[in-house]
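Student: Just passing along the structure, written as structure tokens.
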Amino acid sequence: MKKHRTLIIIVLLCVVGSLWALYPTWQAQDYRSTIDAFGPKDSAAKAKYLADHDEAIKSAAKKAIKLGLDLRGGIYVTMEVDVLKFIEEQATGKDALFQQVLDATSAEEAVSEDPVVSIFTKKFADIASPKGKALANYFLLSDVKTGDDKEIAASLQAGSDEAVDRAIEIIRNRIDQFGLTEPTIQKFGTRRIIIEVPGAGDPAQVRQLLEGTAQLEFKLMKDPKIVKRVIDNIDKYLAGTITSSDTAIAKVDTSAKADTTHKEAAIPTKKKKEVAEKKDTAAKADTSVKTAQKLSPEDSAREADSLEYAGLTDAQKLAKYEKIHPFTKYISKGVSKDGKMVYVTDADRKTMLEILNRSDIKPFYDGEMSFAFSRPEKGQNGENYYMLYFLNSTPELTGKYITGADKDSRDGKAVVTMQMDDEGARVWARVTGENVNKQIAIVLDGVVYSAPNVHQKIEGGNSEISGMRDLAEANLLKIVLKAGALPAPVKIIQEQVVGPSLGADSIAKGTESIIFGFLAVIIFMAFYYITGGFVADFAVLINLLFTLAVLATFGATLTLPGMAGLVLTVGIAVDANVLIYERIREELGSGKSLKLAIEDGYKRAFAPIFDGHLTAFFSGIILYSFGTGTVQGFAVTLMIGIAASLFTAIVITRIIFDILLERAPGAIKFG
């Protein structure tokens with residue numbers, strides 16, 4: 001046993017690590033069972049449970065083994081970007097010959113997976129070039145210098161790739177807002193996008209979400225006095241100070257001073273967060289994300305110095321503050337220095353949206369101001385935080401005026417340039433001229449991507465936004481700015497809906513197949529090889545544990561074919577042991593001692609076992625490389641199982657036999 005001490009420690013660490021990796025999966029399933037246990041009449045209790053355990057549920061779901069559509073149910077959508085339409089719209093001149101090239105390209109792209117631009121240039125060379133035409137006769141592109149056909153083709157290809165990237169960003173943004181969990185969005189080929197939305201059950205709603213036109217808007221930050229008045233009225237209504245019949249209170253003249261009749265405590269924050277430093281640049285983007293500072297109840301209540309709180313303990317002050325300010329309490333944890341923006345956690349954001357979307361709350365702000373959140377950013381503790389913006393309800397400008405946007409690097413800093421058409425340039429000059437030293441938020445589909453600070457009046461329609469952390473962030477903003485006028489239409493070409501009942505049935509039958517297969521193997525091995533069989537059965541259990549742990553660790557998605565891979569893994573796991581045991585029986589039959597027979601059996605069986613596992617592993621690599629979807633799921637599970645099988649059959653079982661040889665050699669039987 002001493003000679004295997006290191007190996008034993010390694011095996012134990014692997015087992016403990018595997019159990020640790022699988023704990024979130026068990027935890028997520030426990031949360032799911034608890035949530036499903038709530039009945040239709042327990043909606044309030046269910047909402048409270050979700051709010052109380054929001055972060056824990058999200059954390060467990062993120063680390064747990066993810067279930068594919070065939071197991072969980074949901075919607076599978078394949079979308080295609082109309083690259084040919086993009087090419088057509090880039091052309092400045094068109095004639096019958098050009099249309100002939102387009103028609104030929106359309107006919108071939110329907111049956112080919114080649115890039116559309118490559119097909120187009122090939123058809124152009126076959127049809128138009130012999131008649132003396134060049135691509136420069138039809139395309140006048142800003143980034144093309146020489147007018148050479150290859151340069152124009154490269155520019156068209158870059159533009160089509162960007163159109164697909166922009167479509168992916170818009171789709172991801174919409175799905176994130178929709179609240180659908182664990183979506184998978186990936187580029188397939190050169191012009192297709194695959195979207196898997198587990199748990200979604202309304203295909204019409206998802207279709208509307210994916211096919212809608214992107215809404216890019218530029219909105220001014222709201223006057224802090226109006227923001228305070230609106231939030232005060234929401235607080236009063238939620239606290240029961242005013243009723244729904246007093247909604248008109250929220251619609252007073254915007255020039256009126258903020259309501260001061262109600263004495264309230266100062267916002268209970270120990271230290272308000274400051275926004276990113278504003279440098280003197282035209283339309284500089286405030287992109288620095290600050291983590292909301294969480295305060296202790298004692299610190300929060302201590303700053304509530306109103307006379308209303310005199311004589312109360314810190315806990316009583318905090319309780320009274322939250323009772324008087326049932327809405328403000330969610331936005332008082334991290335406030336910018338100027339009071340225009342706040343930072344909220346993911347859980348608080350969801351609660352605030354539930355409040356703001358209530359039909360009895362909307363009249364207090366609808367038409368006068370709007371609430372918008374930024375994209376999620378990681379805080380110092382790894383938790384997601386959102387910046388909350390108070391904006392005008394009416395945009396100053398929309399994305400239809402944007403003609404171009406690009407990213408660049410100047411003096412080592414990332415910048416984004418934005419161009420507008422003539423009408424947009426006139427509006428932009430007026431808006432920036434009237435709002436110098438104010439922030440204008442760039443909002444795509446309700447999400448704020450940046451809030452540049454206007455330093456001076458911008459004329460000519462050319463603006464520069466700086467302050468990004470790197471070129472990747474600048475590229476995202478460029479995509480957002482160009483998303484309002486998507487140059488290539490995107491259409492759904494395939495849609496599949498998997499019902500949750502079918503998924504549940506697949507899970508049940510898949511689990512049964514694993515259990516029955518495992519029991520059959522266990523019974524046969526124990527009956528045929530006696531002690532060796534029990535050792536092999538133990539190795540199979542460890543093999544399954546390692547396989548599932550690896551799936552969880554790398555965030556793999558378990559599909560129905562993946563479960564088939566697990567069943568096959570059970571068979572493969574004992575195959576190596578069968579080879580070893582048969583070799584040991586031969587050595588024993590030749591008159592060797594038990595110890596020597598086990599040693600020679602493992603030594604001489606290693607080569608064929610390794611060759612067989614290696615061949616099967618390469619087969620899995622080929623399946624994964626050339627397969628798609630379900631085939632890849634099967635291949636991933638198979639490869640992990642093969643690797644785990646080799647380790648358990650060669651290492652773990654050998655350690656067990658060596659220990660038995662030292663402690664109880666008489667108990668070892670091989671049938």
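Ordering of the structure tokens sets the chain letters (A, B, ...), residue numbers begin anew at 1 in every chain, and ligands are numbered from 1 in the order given.
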Give me the residues within 12 Å of range 524-532 of chain A as a tab-separated table (two decimals) with C-alpha atoms, in the first residue's frame, counting only C-alpha atoms and dropping any in the same chain fewer than 3 places off.
Tutor:
chain	number	residue	atom	x	y	z
A	517	GLY	CA	-27.10	-1.15	-18.76
A	518	PHE	CA	-25.05	-0.55	-15.64
A	519	LEU	CA	-26.94	-3.22	-13.67
A	520	ALA	CA	-26.55	-5.74	-16.48
A	521	VAL	CA	-22.79	-5.14	-16.61
A	535	VAL	CA	-13.51	-4.38	-8.61
A	536	ALA	CA	-14.43	-3.70	-12.25
A	537	ASP	CA	-17.92	-2.57	-11.19
A	538	PHE	CA	-16.38	-0.11	-8.75
A	539	ALA	CA	-14.16	1.17	-11.57
A	540	VAL	CA	-17.25	1.72	-13.75
A	571	GLY	CA	-19.53	-1.10	-21.83
A	573	ALA	CA	-15.19	0.70	-19.13
A	574	VAL	CA	-15.33	-3.05	-18.45
A	575	ASP	CA	-13.83	-4.06	-21.79
A	577	ASN	CA	-10.93	-5.25	-17.36
A	578	VAL	CA	-12.14	-8.26	-19.35
A	579	LEU	CA	-8.88	-8.28	-21.31
A	580	ILE	CA	-6.83	-8.01	-18.10
A	581	TYR	CA	-8.78	-10.68	-16.25
A	582	GLU	CA	-8.63	-13.15	-19.13
A	584	ILE	CA	-4.57	-13.17	-15.54
A	585	ARG	CA	-6.57	-16.41	-15.82
A	598	ILE	CA	-1.76	-10.18	-11.71
A	649	ALA	CA	-9.08	0.18	-15.64
A	653	THR	CA	-8.20	-1.48	-10.29
A	654	ARG	CA	-4.47	-2.27	-10.03
A	656	ILE	CA	-7.19	-2.22	-5.34
A	657	PHE	CA	-5.67	-5.60	-6.24
A	660	LEU	CA	-5.95	-6.93	-1.47
A	664	ALA	CA	-6.45	-10.49	2.03
A	665	PRO	CA	-4.98	-12.42	-0.93
A	666	GLY	CA	-7.36	-15.31	-0.33
A	667	ALA	CA	-10.34	-13.10	-1.21
A	668	ILE	CA	-9.14	-12.53	-4.77
A	669	LYS	CA	-11.01	-14.66	-7.30
A	670	PHE	CA	-11.22	-14.34	-11.08
A	671	GLY	CA	-13.98	-16.85	-11.70
Student: Name all residues at most 7 Å from Ala134 in chain A (count only C-alpha atoms; drop same-chain ones fewer than 3 positions away) and give them as a ChimeraX atom specification.
Tutor: /A:129,137,149
Student: Can you tell me which residues surround Ala136 in chain A at a distance of at most 9 Å, considering only C-alpha atoms, apart from same-chain residues fewer than 2 positions away, and format the answer as a PDB file with all heavy atoms, in the first residue's frame?
Tutor:
ATOM      1  N   LYS A 133     -16.632  43.909 -68.460  1.00  0.00           N
ATOM      2  CA  LYS A 133     -17.044  44.550 -67.211  1.00  0.00           C
ATOM      3  C   LYS A 133     -16.105  44.164 -66.067  1.00  0.00           C
ATOM      4  O   LYS A 133     -15.560  43.056 -66.035  1.00  0.00           O
ATOM      5  CB  LYS A 133     -18.471  44.133 -66.848  1.00  0.00           C
ATOM      6  CG  LYS A 133     -19.530  44.624 -67.825  1.00  0.00           C
ATOM      7  CD  LYS A 133     -19.725  46.138 -67.725  1.00  0.00           C
ATOM      8  CE  LYS A 133     -20.893  46.600 -68.592  1.00  0.00           C
ATOM      9  NZ  LYS A 133     -21.109  48.066 -68.464  1.00  0.00           N
ATOM     10  N   ALA A 134     -15.937  45.092 -65.162  1.00  0.00           N
ATOM     11  CA  ALA A 134     -15.159  44.849 -63.944  1.00  0.00           C
ATOM     12  C   ALA A 134     -16.026  45.210 -62.742  1.00  0.00           C
ATOM     13  O   ALA A 134     -17.025  45.942 -62.869  1.00  0.00           O
ATOM     14  CB  ALA A 134     -13.875  45.668 -63.940  1.00  0.00           C
ATOM     15  N   TYR A 138     -19.467  48.608 -60.987  1.00  0.00           N
ATOM     16  CA  TYR A 138     -20.704  48.517 -60.213  1.00  0.00           C
ATOM     17  C   TYR A 138     -20.541  48.891 -58.738  1.00  0.00           C
ATOM     18  O   TYR A 138     -21.535  49.170 -58.067  1.00  0.00           O
ATOM     19  CB  TYR A 138     -21.257  47.086 -60.295  1.00  0.00           C
ATOM     20  CG  TYR A 138     -21.565  46.639 -61.694  1.00  0.00           C
ATOM     21  CD1 TYR A 138     -20.665  45.846 -62.399  1.00  0.00           C
ATOM     22  CD2 TYR A 138     -22.754  47.009 -62.326  1.00  0.00           C
ATOM     23  CE1 TYR A 138     -20.942  45.420 -63.689  1.00  0.00           C
ATOM     24  CE2 TYR A 138     -23.045  46.595 -63.617  1.00  0.00           C
ATOM     25  CZ  TYR A 138     -22.129  45.799 -64.297  1.00  0.00           C
ATOM     26  OH  TYR A 138     -22.407  45.392 -65.580  1.00  0.00           O
ATOM     27  N   PHE A 139     -19.320  48.880 -58.249  1.00  0.00           N
ATOM     28  CA  PHE A 139     -19.101  49.138 -56.826  1.00  0.00           C
ATOM     29  C   PHE A 139     -18.130  50.302 -56.632  1.00  0.00           C
ATOM     30  O   PHE A 139     -17.057  50.326 -57.251  1.00  0.00           O
ATOM     31  CB  PHE A 139     -18.537  47.888 -56.124  1.00  0.00           C
ATOM     32  CG  PHE A 139     -19.468  46.713 -56.135  1.00  0.00           C
ATOM     33  CD1 PHE A 139     -19.342  45.725 -57.107  1.00  0.00           C
ATOM     34  CD2 PHE A 139     -20.477  46.601 -55.185  1.00  0.00           C
ATOM     35  CE1 PHE A 139     -20.197  44.642 -57.129  1.00  0.00           C
ATOM     36  CE2 PHE A 139     -21.333  45.510 -55.196  1.00  0.00           C
ATOM     37  CZ  PHE A 139     -21.202  44.535 -56.170  1.00  0.00           C
ATOM     38  N   LEU A 140     -18.534  51.223 -55.798  1.00  0.00           N
ATOM     39  CA  LEU A 140     -17.680  52.343 -55.409  1.00  0.00           C
ATOM     40  C   LEU A 140     -17.609  52.333 -53.880  1.00  0.00           C
ATOM     41  O   LEU A 140     -18.393  52.979 -53.195  1.00  0.00           O
ATOM     42  CB  LEU A 140     -18.255  53.679 -55.916  1.00  0.00           C
ATOM     43  CG  LEU A 140     -17.395  54.919 -55.677  1.00  0.00           C
ATOM     44  CD1 LEU A 140     -16.055  54.791 -56.376  1.00  0.00           C
ATOM     45  CD2 LEU A 140     -18.123  56.178 -56.146  1.00  0.00           C
ATOM     46  N   LEU A 141     -16.673  51.570 -53.352  1.00  0.00           N
ATOM     47  CA  LEU A 141     -16.571  51.352 -51.909  1.00  0.00           C
ATOM     48  C   LEU A 141     -15.507  52.251 -51.304  1.00  0.00           C
ATOM     49  O   LEU A 141     -14.422  52.437 -51.876  1.00  0.00           O
ATOM     50  CB  LEU A 141     -16.237  49.882 -51.623  1.00  0.00           C
ATOM     51  CG  LEU A 141     -17.222  48.864 -52.229  1.00  0.00           C
ATOM     52  CD1 LEU A 141     -16.731  47.446 -51.993  1.00  0.00           C
ATOM     53  CD2 LEU A 141     -18.614  49.049 -51.652  1.00  0.00           C
ATOM     54  N   GLY A 147      -9.358  49.892 -56.882  1.00  0.00           N
ATOM     55  CA  GLY A 147     -10.442  49.481 -57.765  1.00  0.00           C
ATOM     56  C   GLY A 147     -10.228  48.117 -58.373  1.00  0.00           C
ATOM     57  O   GLY A 147     -10.971  47.693 -59.268  1.00  0.00           O
ATOM     58  N   ASP A 148      -9.231  47.392 -57.899  1.00  0.00           N
ATOM     59  CA  ASP A 148      -8.958  46.044 -58.391  1.00  0.00           C
ATOM     60  C   ASP A 148     -10.076  45.097 -57.955  1.00  0.00           C
ATOM     61  O   ASP A 148     -10.636  45.218 -56.862  1.00  0.00           O
ATOM     62  CB  ASP A 148      -7.612  45.577 -57.834  1.00  0.00           C
ATOM     63  CG  ASP A 148      -7.266  44.172 -58.306  1.00  0.00           C
ATOM     64  OD1 ASP A 148      -6.988  44.009 -59.492  1.00  0.00           O
ATOM     65  OD2 ASP A 148      -7.305  43.260 -57.455  1.00  0.00           O
ATOM     66  N   ASP A 149     -10.400  44.129 -58.831  1.00  0.00           N
ATOM     67  CA  ASP A 149     -11.489  43.190 -58.536  1.00  0.00           C
ATOM     68  C   ASP A 149     -11.248  42.428 -57.238  1.00  0.00           C
ATOM     69  O   ASP A 149     -12.175  42.205 -56.441  1.00  0.00           O
ATOM     70  CB  ASP A 149     -11.653  42.203 -59.687  1.00  0.00           C
ATOM     71  CG  ASP A 149     -12.501  42.781 -60.813  1.00  0.00           C
ATOM     72  OD1 ASP A 149     -12.801  43.994 -60.754  1.00  0.00           O
ATOM     73  OD2 ASP A 149     -12.864  42.030 -61.741  1.00  0.00           O
ATOM     74  N   ILE A 152     -11.945  44.702 -54.280  1.00  0.00           N
ATOM     75  CA  ILE A 152     -13.392  44.914 -54.110  1.00  0.00           C
ATOM     76  C   ILE A 152     -14.039  43.663 -53.520  1.00  0.00           C
ATOM     77  O   ILE A 152     -14.889  43.748 -52.626  1.00  0.00           O
ATOM     78  CB  ILE A 152     -14.040  45.286 -55.461  1.00  0.00           C
ATOM     79  CG1 ILE A 152     -13.544  46.658 -55.927  1.00  0.00           C
ATOM     80  CG2 ILE A 152     -15.570  45.288 -55.335  1.00  0.00           C
ATOM     81  CD1 ILE A 152     -14.034  47.048 -57.305  1.00  0.00           C
TER      82      ILE A 152
END
Student: Set the distance at 9 Å and use only C-alpha atoms: which residues neighbour Ala549 in chain A once local chain neighbours fewer than 4 positions away are removed? I'd like the list as a list of chain:residue names.
Tutor: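 Here the answer would be A:Gly17, A:Ser18, A:Leu19, A:Trp20, A:Ala21, A:Leu22, A:Ile65, A:Leu544, A:Leu545, A:Thr553, A:Phe554.
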Student: Could you save those same residues with C-alpha atoms as a PDB file, in the first residue's frame?
Tutor:
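Result went into selection.pdb, see below:
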ATOM      1  CA  GLY A  17     -12.790  17.098  -7.057  1.00  0.00           C
ATOM      2  CA  SER A  18     -15.391  15.268  -9.128  1.00  0.00           C
ATOM      3  CA  LEU A  19     -17.923  15.367  -6.304  1.00  0.00           C
ATOM      4  CA  TRP A  20     -17.202  19.074  -5.866  1.00  0.00           C
ATOM      5  CA  ALA A  21     -17.685  19.700  -9.608  1.00  0.00           C
ATOM      6  CA  LEU A  22     -21.006  17.821  -9.581  1.00  0.00           C
ATOM      7  CA  ILE A  65     -24.229  20.224 -16.366  1.00  0.00           C
ATOM      8  CA  LEU A 544     -19.152   7.620 -14.689  1.00  0.00           C
ATOM      9  CA  LEU A 545     -18.317  10.017 -11.857  1.00  0.00           C
ATOM     10  CA  THR A 553     -16.225  21.456 -15.313  1.00  0.00           C
ATOM     11  CA  PHE A 554     -15.969  22.462 -18.973  1.00  0.00           C
TER      12      PHE A 554
END
Student: Rank A:Arg32, A:His53, A:Lys457, A:Arg192 by their smallest atom-to-atom distance to Val83 in chain A, using only C-alpha atoms, and report the top residue only.
Tutor: A:Arg192
Student: Could you list, as a ChimeraX atom specification, every residue within 12 Å of Ala125 in chain A, counting only C-alpha atoms and ignoring same-chain residues fewer than 5 positions away?
Tutor: /A:97-98,101,104-105,118-120,130-135,149-150,153
Student: Closest to Pro198 in chain A among A:Ile185, A:Ala128, A:Val164, A:Leu661, using only C-alpha atoms?
Tutor: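 Closest to Pro198 in chain A, using only C-alpha atoms: A:Ile185.
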Student: Please report the interatomic distance between CA of Leu477 in chain A and CA of Val448 in chain A in Å with one decimal.
Tutor: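 About the pair CA of Leu477 in chain A and CA of Val448 in chain A: they are 10.5 Å apart.
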Student: Please, which residues of range 49-192 of chain A, numbered as in this document, come out helix (DSSP H, G or I) from DSSP, as an MDAnalysis selection string?
Tutor: chainID A and resid 49:52 54:63 69:72 83:90 96:109 116:127 129:131 135:137 149:178
Student: Between CA of Thr25 in chain A and CA of Gly633 in chain A, what distance in Å does the model show, to one decimal?
Tutor: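 It comes out at 18.4 Å.
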Student: Grab the CA of Lys438 in chain A to CA of Ser374 in chain A distance for me, in Å with one decimal place.
Tutor: 18.0 Å
